[in-house]
>>> print(open('entry37.tsv').read())   # TSV, C-alpha atoms
chain	number	residue	atom	x	y	z
A	1	MET	CA	7.98	92.11	19.10
A	2	THR	CA	7.94	94.62	16.28
A	3	THR	CA	11.10	96.65	16.80
A	4	PRO	CA	14.51	95.61	18.13
A	5	LEU	CA	14.73	96.29	21.82
A	6	ARG	CA	17.46	96.87	24.35
A	7	ILE	CA	16.73	94.29	27.01
A	8	GLY	CA	18.40	93.85	30.36
A	9	PHE	CA	18.05	90.15	31.17
A	10	ALA	CA	18.66	89.34	34.83
A	11	LEU	CA	19.03	85.81	36.14
A	12	THR	CA	18.74	84.88	39.80
A	13	GLY	CA	19.35	81.59	41.59
A	14	SER	CA	16.61	79.29	40.31
A	15	PHE	CA	19.32	77.25	38.63
A	16	CYS	CA	16.99	74.58	37.25
A	17	THR	CA	15.40	77.29	35.08
A	18	PHE	CA	18.61	78.41	33.32
A	19	ALA	CA	18.32	75.75	30.61
A	20	VAL	CA	14.78	76.95	29.86
A	21	VAL	CA	15.76	80.62	29.79
A	22	LEU	CA	18.79	80.37	27.50
A	23	PRO	CA	16.74	79.48	24.37
A	24	ILE	CA	14.43	82.44	25.11
A	25	ILE	CA	17.48	84.72	25.15
A	26	GLU	CA	18.62	83.17	21.86
A	27	GLU	CA	15.16	83.85	20.39
A	28	LEU	CA	15.27	87.50	21.48
A	29	VAL	CA	18.72	87.96	19.96
A	30	ALA	CA	17.54	86.29	16.73
A	31	ARG	CA	14.73	88.86	16.59
A	32	GLY	CA	17.34	91.61	16.58
A	33	CYS	CA	17.15	92.58	20.24
A	34	THR	CA	20.25	93.65	22.13
A	35	VAL	CA	20.32	91.56	25.29
A	36	THR	CA	22.62	92.32	28.21
A	37	PRO	CA	22.90	89.61	30.88
A	38	ILE	CA	22.76	90.59	34.54
A	39	LEU	CA	23.61	88.00	37.19
A	40	SER	CA	22.97	87.93	40.90
A	41	GLU	CA	26.00	86.96	42.94
A	42	HIS	CA	24.71	83.42	43.42
A	43	ALA	CA	23.63	82.97	39.80
A	44	GLY	CA	27.05	84.16	38.67
A	45	THR	CA	29.31	82.22	41.00
A	46	LEU	CA	27.73	78.99	42.27
A	47	ASP	CA	28.32	75.64	40.62
A	48	THR	CA	25.25	73.40	41.00
A	49	ARG	CA	23.93	70.08	39.75
A	50	PHE	CA	22.46	72.11	36.87
A	51	GLY	CA	25.86	73.26	35.63
A	52	ALA	CA	29.04	75.17	36.40
A	53	SER	CA	28.82	78.93	36.74
A	54	ALA	CA	31.71	79.43	34.31
A	55	ALA	CA	29.85	77.45	31.64
A	56	TRP	CA	26.63	79.45	32.11
A	57	ARG	CA	28.57	82.72	31.99
A	58	ARG	CA	30.31	81.64	28.78
A	59	SER	CA	26.98	80.64	27.21
A	60	LEU	CA	25.39	83.97	28.10
A	61	ARG	CA	28.31	85.93	26.65
A	62	ASP	CA	28.36	83.78	23.50
A	63	VAL	CA	24.61	84.04	22.89
A	64	THR	CA	24.27	87.77	23.59
A	65	GLY	CA	27.67	89.03	22.47
A	66	ASN	CA	27.66	91.30	25.53
A	67	SER	CA	29.54	91.49	28.79
A	68	ILE	CA	27.74	90.41	31.94
A	69	ILE	CA	26.71	92.93	34.57
A	70	ASP	CA	27.62	91.15	37.78
A	71	SER	CA	28.35	93.81	40.39
A	72	ILE	CA	26.31	96.46	42.16
A	73	GLN	CA	28.66	99.13	40.82
A	74	ALA	CA	28.15	97.99	37.22
A	75	ALA	CA	24.35	97.85	37.69
A	76	GLU	CA	23.98	101.35	39.17
A	77	PRO	CA	24.28	103.23	35.81
A	78	VAL	CA	21.42	101.23	34.23
A	79	GLY	CA	18.85	103.93	35.01
A	80	PRO	CA	20.87	107.14	34.69
A	81	LYS	CA	22.20	106.02	31.30
A	82	LYS	CA	18.81	104.55	30.26
A	83	LEU	CA	20.57	101.41	29.06
A	84	PHE	CA	17.43	99.30	28.53
A	85	ASP	CA	13.93	99.72	27.14
A	86	VAL	CA	12.76	96.92	29.41
A	87	LEU	CA	14.37	94.80	32.11
A	88	ALA	CA	13.41	91.15	32.65
A	89	VAL	CA	14.21	89.14	35.77
A	90	ALA	CA	13.96	85.53	34.59
A	91	PRO	CA	14.05	83.48	36.67
A	92	CYS	CA	12.96	85.61	39.61
A	93	THR	CA	13.35	83.71	42.89
A	94	GLY	CA	11.33	84.18	46.06
A	95	ASN	CA	14.39	85.81	47.61
A	96	THR	CA	14.54	88.39	44.82
A	97	LEU	CA	10.77	88.98	45.03
A	98	ALA	CA	11.20	89.76	48.74
A	99	LYS	CA	14.04	92.18	48.13
A	100	LEU	CA	12.18	94.00	45.35
A	101	ALA	CA	9.01	94.23	47.44
A	102	HIS	CA	10.96	95.77	50.33
A	103	GLY	CA	13.33	98.02	48.37
A	104	ILE	CA	16.48	96.07	49.23
A	105	THR	CA	19.26	96.68	46.71
A	106	ASP	CA	22.10	94.44	47.81
A	107	THR	CA	22.64	92.43	44.60
A	108	PRO	CA	23.47	93.37	41.01
A	109	VAL	CA	19.94	92.35	39.99
A	110	THR	CA	18.07	94.35	42.61
A	111	MET	CA	20.30	97.37	41.95
A	112	ALA	CA	19.64	97.08	38.20
A	113	VAL	CA	15.88	96.97	38.83
A	114	LYS	CA	15.96	99.94	41.20
A	115	SER	CA	18.08	101.95	38.79
A	116	HIS	CA	15.93	101.00	35.79
A	117	LEU	CA	12.70	101.97	37.58
A	118	ARG	CA	14.10	105.42	38.28
A	119	SER	CA	13.62	106.14	34.56
A	120	GLU	CA	9.98	104.96	34.70
A	121	ARG	CA	10.67	101.93	32.51
A	122	PRO	CA	8.99	98.52	32.79
A	123	VAL	CA	10.29	95.51	34.69
A	124	VAL	CA	9.09	92.01	33.78
A	125	LEU	CA	9.28	89.30	36.43
A	126	ALA	CA	9.27	85.59	35.59
A	127	VAL	CA	8.66	83.98	38.96
A	128	SER	CA	10.19	80.61	39.83
A	129	THR	CA	9.87	79.72	43.49
A	130	ASN	CA	8.70	76.77	45.56
A	131	ASP	CA	7.09	79.04	48.17
A	132	ALA	CA	5.10	81.45	45.98
A	133	LEU	CA	1.87	80.38	47.66
A	134	ALA	CA	3.44	80.40	51.11
A	135	GLY	CA	6.21	82.67	52.42
A	136	SER	CA	6.58	84.57	49.14
A	137	ALA	CA	2.84	85.15	48.60
A	138	ALA	CA	2.80	88.55	50.33
A	139	ASN	CA	5.73	89.77	48.26
A	140	LEU	CA	4.14	88.51	45.05
A	141	GLY	CA	0.95	90.37	45.97
A	142	THR	CA	2.86	93.55	46.75
A	143	LEU	CA	4.60	93.59	43.38
A	144	LEU	CA	1.43	92.69	41.47
A	145	ASN	CA	0.01	95.93	42.88
A	146	ARG	CA	3.05	98.11	42.10
A	147	ARG	CA	3.47	100.35	39.06
A	148	LEU	CA	5.85	99.31	36.25
A	149	TYR	CA	6.05	95.66	37.34
A	150	TYR	CA	4.64	93.09	34.94
A	151	PHE	CA	4.52	89.32	35.34
A	152	VAL	CA	5.10	86.51	32.90
A	153	PRO	CA	1.97	84.34	33.25
A	154	LEU	CA	2.57	81.62	35.81
A	155	ARG	CA	1.16	78.34	37.04
A	156	GLN	CA	1.53	75.72	39.71
A	157	ASP	CA	4.13	73.47	38.14
A	158	ALA	CA	3.49	70.43	40.36
A	159	PRO	CA	0.39	71.02	42.50
A	160	ARG	CA	0.47	67.63	44.20
A	161	ALA	CA	4.20	67.26	44.76
A	162	LYS	CA	4.88	70.99	45.42
A	163	PRO	CA	1.50	72.60	46.20
A	164	ARG	CA	2.96	76.04	46.99
A	165	SER	CA	5.25	76.31	43.97
A	166	LEU	CA	4.68	78.67	41.02
A	167	VAL	CA	6.70	78.88	37.81
A	168	ALA	CA	6.37	81.37	34.96
A	169	ASP	CA	5.64	80.05	31.48
A	170	MET	CA	8.92	81.20	29.93
A	171	ALA	CA	7.58	80.73	26.39
A	172	ARG	CA	5.32	83.72	27.12
A	173	LEU	CA	8.21	85.99	28.06
A	174	PRO	CA	8.53	87.72	24.63
A	175	ASP	CA	4.79	88.50	24.58
A	176	THR	CA	5.00	89.77	28.16
A	177	LEU	CA	7.83	92.10	27.18
A	178	ASP	CA	5.70	93.50	24.35
A	179	ALA	CA	2.71	93.98	26.64
A	180	ALA	CA	4.83	95.65	29.33
A	181	LEU	CA	6.23	98.11	26.81
A	182	ALA	CA	2.63	98.97	25.91
A	183	GLY	CA	1.85	99.49	29.62
A	184	ARG	CA	-0.37	96.44	30.07
A	185	GLN	CA	-0.20	93.13	31.87
A	186	LEU	CA	-0.39	90.06	29.62
A	187	GLN	CA	-3.47	88.06	30.55
A	188	PRO	CA	-4.35	85.71	32.02
A	189	ILE	CA	-1.71	85.98	34.74
A	190	LEU	CA	-2.69	82.63	36.28
A	191	LEU	CA	-2.58	79.60	33.98
A	192	ALA	CA	-3.99	76.12	34.46
A	193	PRO	CA	-1.73	73.96	36.66
A	194	GLY	CA	0.90	71.71	35.17
A	195	GLU	CA	1.15	68.02	35.81
A	196	GLY	CA	2.17	66.67	39.19
>>> encode(input="entry37.tsv", output="structure tokens")
Amino acid sequence: MTTPLRIGFALTGSFCTFAVVLPIIEELVARGCTVTPILSEHAGTLDTRFGASAAWRRSLRDVTGNSIIDSIQAAEPVGPKKLFDVLAVAPCTGNTLAKLAHGITDTPVTMAVKSHLRSERPVVLAVSTNDALAGSAANLGTLLNRRLYYFVPLRQDAPRAKPRSLVADMARLPDTLDAALAGRQLQPILLAPGEG
């Protein structure tokens, strides 16, 4: 990443991934990027075994220094005002993949993506879903074939225990952002499987 970027960073409900994503956000901020958190309704309000929503919200505000976009109304101006150079959805759940593939804009995240794409700017998806090679496979394929969508390289995280699950390699997110801004997909998209 050579120049400071304005990054919209959307989180959806793969709660187990939040602890992996937060250090990536810290790294981007340390590089001089302006990062604005965007939360789906579930990501922003549900307390889970992975932490309380209020604690995650506080951490995101503290790390980025920015307010959280957490309503459809607040997400709508993303495109018209050209708020971001690139928008990342990390983690991107199977539910969000489906909505993006079918043009459904009923969450702050999907509205932010729709609005951002209106300005012909790249969207980076970091998939994290247990059904990527099952129910979500068609949606994954649709978005792989759609302009302005780029994917963080991904792998089967536990091929024996969860044979249909795929998870993005979050450490490759900064390089994927760079590649997307240059109009290319970081390769390889599919990585060797993890343990399991």
>>> closest_atom_pairs(input="entry37.tsv", of="segment 12-105 of chain A", to="segment 147-170 of chain A", cutoff="12 Å", atoms="only C-alpha atoms", output="CSV")
residue,atom,partner,partner_atom,distance
A:Ser14,CA,A:Val167,CA,10.2
A:Cys16,CA,A:Val167,CA,11.2
A:Thr17,CA,A:Met170,CA,9.2
A:Phe18,CA,A:Met170,CA,10.6
A:Ala19,CA,A:Met170,CA,10.9
A:Val20,CA,A:Met170,CA,7.2
A:Val21,CA,A:Met170,CA,6.9
A:Leu22,CA,A:Met170,CA,10.2
A:Pro23,CA,A:Met170,CA,9.7
A:Ile24,CA,A:Met170,CA,7.4
A:Ile25,CA,A:Met170,CA,10.4
A:Glu27,CA,A:Met170,CA,11.7
A:Val86,CA,A:Leu148,CA,10.0
A:Leu87,CA,A:Tyr149,CA,9.9
A:Ala88,CA,A:Tyr150,CA,9.3
A:Val89,CA,A:Phe151,CA,9.7
A:Ala90,CA,A:Met170,CA,8.1
A:Pro91,CA,A:Ala168,CA,8.1
A:Cys92,CA,A:Ala168,CA,9.1
A:Thr93,CA,A:Val167,CA,9.7
A:Gly94,CA,A:Leu166,CA,10.0
A:Leu97,CA,A:Tyr149,CA,11.2
A:Leu100,CA,A:Tyr149,CA,10.2
A:Ala101,CA,A:Tyr149,CA,10.6
>>> atom_distance(input="entry37.tsv", atom1="atom CA of Ala98 of chain A", atom2="atom CA of Leu125 of chain A")
12.5 Å
>>> atom_distance(input="entry37.tsv", atom1="atom CA of His116 of chain A", atom2="atom CA of Phe9 of chain A")
12.0 Å
>>> atom_distance(input="entry37.tsv", atom1="atom CA of Thr107 of chain A", atom2="atom CA of Gly141 of chain A")
21.8 Å
>>> closest_residue(input="entry37.tsv", among="A:Val113, A:Leu60, A:Ala138, A:Ala54", to="Thr36 of chain A", atoms="only C-alpha atoms")
A:Leu60
>>> closest_residue(input="entry37.tsv", among="A:Arg6, A:Cys33, A:Asn95, A:Val109", to="Ala137 of chain A", atoms="all atoms listed in the file")
A:Asn95
>>> residues_around(input="entry37.tsv", residues="Leu46 of chain A", least_positions_apart="4", cutoff="12 Å", atoms="all atoms listed in the file", output="ChimeraX atom specification")
/A:12-15,39-42,50-57
>>> residues_around(input="entry37.tsv", residues="Ile69 of chain A", least_positions_apart="3", cutoff="12 Å", atoms="only C-alpha atoms", output="VMD selection string")
chain A and resid 8 to 11 35 to 41 43 to 44 57 60 to 61 66 72 to 78 83 107 to 112
>>> write_last_selection(input="entry37.tsv", atoms="C-alpha atoms", output="PDB file, in the coordinates of the input")
ATOM      1  CA  GLY A   8      18.400  93.850  30.360  1.00  0.00           C
ATOM      2  CA  PHE A   9      18.050  90.150  31.170  1.00  0.00           C
ATOM      3  CA  ALA A  10      18.660  89.340  34.830  1.00  0.00           C
ATOM      4  CA  LEU A  11      19.030  85.810  36.140  1.00  0.00           C
ATOM      5  CA  VAL A  35      20.320  91.560  25.290  1.00  0.00           C
ATOM      6  CA  THR A  36      22.620  92.320  28.210  1.00  0.00           C
ATOM      7  CA  PRO A  37      22.900  89.610  30.880  1.00  0.00           C
ATOM      8  CA  ILE A  38      22.760  90.590  34.540  1.00  0.00           C
ATOM      9  CA  LEU A  39      23.610  88.000  37.190  1.00  0.00           C
ATOM     10  CA  SER A  40      22.970  87.930  40.900  1.00  0.00           C
ATOM     11  CA  GLU A  41      26.000  86.960  42.940  1.00  0.00           C
ATOM     12  CA  ALA A  43      23.630  82.970  39.800  1.00  0.00           C
ATOM     13  CA  GLY A  44      27.050  84.160  38.670  1.00  0.00           C
ATOM     14  CA  ARG A  57      28.570  82.720  31.990  1.00  0.00           C
ATOM     15  CA  LEU A  60      25.390  83.970  28.100  1.00  0.00           C
ATOM     16  CA  ARG A  61      28.310  85.930  26.650  1.00  0.00           C
ATOM     17  CA  ASN A  66      27.660  91.300  25.530  1.00  0.00           C
ATOM     18  CA  ILE A  72      26.310  96.460  42.160  1.00  0.00           C
ATOM     19  CA  GLN A  73      28.660  99.130  40.820  1.00  0.00           C
ATOM     20  CA  ALA A  74      28.150  97.990  37.220  1.00  0.00           C
ATOM     21  CA  ALA A  75      24.350  97.850  37.690  1.00  0.00           C
ATOM     22  CA  GLU A  76      23.980 101.350  39.170  1.00  0.00           C
ATOM     23  CA  PRO A  77      24.280 103.230  35.810  1.00  0.00           C
ATOM     24  CA  VAL A  78      21.420 101.230  34.230  1.00  0.00           C
ATOM     25  CA  LEU A  83      20.570 101.410  29.060  1.00  0.00           C
ATOM     26  CA  THR A 107      22.640  92.430  44.600  1.00  0.00           C
ATOM     27  CA  PRO A 108      23.470  93.370  41.010  1.00  0.00           C
ATOM     28  CA  VAL A 109      19.940  92.350  39.990  1.00  0.00           C
ATOM     29  CA  THR A 110      18.070  94.350  42.610  1.00  0.00           C
ATOM     30  CA  MET A 111      20.300  97.370  41.950  1.00  0.00           C
ATOM     31  CA  ALA A 112      19.640  97.080  38.200  1.00  0.00           C
TER      32      ALA A 112
END
>>> closest_residue(input="entry37.tsv", among="A:Pro122, A:Gly32, A:Gly103, A:Pro4", to="Asn139 of chain A", atoms="only C-alpha atoms")
A:Gly103
>>> closest_residue(input="entry37.tsv", among="A:Ile7, A:Ile189, A:Val63, A:Leu28", to="Pro174 of chain A", atoms="all atoms listed in the file")
A:Leu28
>>> closest_residue(input="entry37.tsv", among="A:Thr96, A:Ser115, A:Thr64, A:Thr105", to="Lys81 of chain A", atoms="all atoms listed in the file")
A:Ser115
>>> closest_residue(input="entry37.tsv", among="A:Asp47, A:Arg184, A:Leu117, A:Lys99", to="Ser136 of chain A", atoms="all atoms listed in the file")
A:Lys99
>>> axis_aligned_box(input="entry37.tsv", around="segment 127-133 of chain A", padding_each_side="4 Å", output="JSON")
{"center_x": 6.0, "center_y": 80.4, "center_z": 43.6, "size_x": 16.3, "size_y": 15.2, "size_z": 17.2}
>>> build_atoms(input="entry37.tsv", residues="segment 91-112 of chain A", atoms="N, CA and C atoms", output="PDB file, in the frame of the given file")
ATOM      1  N   PRO A  91      15.077  83.665  35.657  1.00  0.00           N
ATOM      2  CA  PRO A  91      14.050  83.480  36.670  1.00  0.00           C
ATOM      3  C   PRO A  91      14.161  84.494  37.810  1.00  0.00           C
ATOM      4  N   CYS A  92      13.018  84.744  38.436  1.00  0.00           N
ATOM      5  CA  CYS A  92      12.960  85.610  39.610  1.00  0.00           C
ATOM      6  C   CYS A  92      12.604  84.734  40.809  1.00  0.00           C
ATOM      7  N   THR A  93      13.543  84.567  41.721  1.00  0.00           N
ATOM      8  CA  THR A  93      13.350  83.710  42.890  1.00  0.00           C
ATOM      9  C   THR A  93      12.483  84.399  43.952  1.00  0.00           C
ATOM     10  N   GLY A  94      12.046  83.620  44.928  1.00  0.00           N
ATOM     11  CA  GLY A  94      11.330  84.180  46.060  1.00  0.00           C
ATOM     12  C   GLY A  94      12.184  85.167  46.836  1.00  0.00           C
ATOM     13  N   ASN A  95      13.469  84.903  46.932  1.00  0.00           N
ATOM     14  CA  ASN A  95      14.390  85.810  47.610  1.00  0.00           C
ATOM     15  C   ASN A  95      14.432  87.165  46.907  1.00  0.00           C
ATOM     16  N   THR A  96      14.515  87.136  45.586  1.00  0.00           N
ATOM     17  CA  THR A  96      14.540  88.390  44.820  1.00  0.00           C
ATOM     18  C   THR A  96      13.198  89.104  44.901  1.00  0.00           C
ATOM     19  N   LEU A  97      12.089  88.362  44.843  1.00  0.00           N
ATOM     20  CA  LEU A  97      10.770  88.980  45.030  1.00  0.00           C
ATOM     21  C   LEU A  97      10.723  89.750  46.346  1.00  0.00           C
ATOM     22  N   ALA A  98      11.221  89.129  47.422  1.00  0.00           N
ATOM     23  CA  ALA A  98      11.200  89.760  48.740  1.00  0.00           C
ATOM     24  C   ALA A  98      12.013  91.049  48.739  1.00  0.00           C
ATOM     25  N   LYS A  99      13.184  90.987  48.143  1.00  0.00           N
ATOM     26  CA  LYS A  99      14.040  92.180  48.130  1.00  0.00           C
ATOM     27  C   LYS A  99      13.413  93.307  47.316  1.00  0.00           C
ATOM     28  N   LEU A 100      12.828  92.971  46.172  1.00  0.00           N
ATOM     29  CA  LEU A 100      12.180  94.000  45.350  1.00  0.00           C
ATOM     30  C   LEU A 100      10.968  94.589  46.080  1.00  0.00           C
ATOM     31  N   ALA A 101      10.196  93.747  46.733  1.00  0.00           N
ATOM     32  CA  ALA A 101       9.010  94.230  47.440  1.00  0.00           C
ATOM     33  C   ALA A 101       9.359  95.155  48.594  1.00  0.00           C
ATOM     34  N   HIS A 102      10.551  94.975  49.162  1.00  0.00           N
ATOM     35  CA  HIS A 102      10.960  95.770  50.330  1.00  0.00           C
ATOM     36  C   HIS A 102      12.062  96.785  50.023  1.00  0.00           C
ATOM     37  N   GLY A 103      12.358  96.989  48.747  1.00  0.00           N
ATOM     38  CA  GLY A 103      13.330  98.020  48.370  1.00  0.00           C
ATOM     39  C   GLY A 103      14.758  97.717  48.781  1.00  0.00           C
ATOM     40  N   ILE A 104      15.111  96.450  48.849  1.00  0.00           N
ATOM     41  CA  ILE A 104      16.480  96.070  49.230  1.00  0.00           C
ATOM     42  C   ILE A 104      17.322  95.940  47.965  1.00  0.00           C
ATOM     43  N   THR A 105      18.424  96.653  47.921  1.00  0.00           N
ATOM     44  CA  THR A 105      19.260  96.680  46.710  1.00  0.00           C
ATOM     45  C   THR A 105      20.672  96.224  47.036  1.00  0.00           C
ATOM     46  N   ASP A 106      20.797  94.960  47.403  1.00  0.00           N
ATOM     47  CA  ASP A 106      22.100  94.440  47.810  1.00  0.00           C
ATOM     48  C   ASP A 106      22.655  93.396  46.847  1.00  0.00           C
ATOM     49  N   THR A 107      22.111  93.323  45.633  1.00  0.00           N
ATOM     50  CA  THR A 107      22.640  92.430  44.600  1.00  0.00           C
ATOM     51  C   THR A 107      22.697  93.200  43.283  1.00  0.00           C
ATOM     52  N   PRO A 108      23.475  92.723  42.324  1.00  0.00           N
ATOM     53  CA  PRO A 108      23.470  93.370  41.010  1.00  0.00           C
ATOM     54  C   PRO A 108      22.077  93.428  40.378  1.00  0.00           C
ATOM     55  N   VAL A 109      21.277  92.381  40.587  1.00  0.00           N
ATOM     56  CA  VAL A 109      19.940  92.350  39.990  1.00  0.00           C
ATOM     57  C   VAL A 109      19.015  93.367  40.633  1.00  0.00           C
ATOM     58  N   THR A 110      18.975  93.395  41.964  1.00  0.00           N
ATOM     59  CA  THR A 110      18.070  94.350  42.610  1.00  0.00           C
ATOM     60  C   THR A 110      18.522  95.788  42.375  1.00  0.00           C
ATOM     61  N   MET A 111      19.817  96.032  42.285  1.00  0.00           N
ATOM     62  CA  MET A 111      20.300  97.370  41.950  1.00  0.00           C
ATOM     63  C   MET A 111      19.898  97.741  40.517  1.00  0.00           C
ATOM     64  N   ALA A 112      20.022  96.799  39.592  1.00  0.00           N
ATOM     65  CA  ALA A 112      19.640  97.080  38.200  1.00  0.00           C
ATOM     66  C   ALA A 112      18.154  97.426  38.116  1.00  0.00           C
TER      67      ALA A 112
END
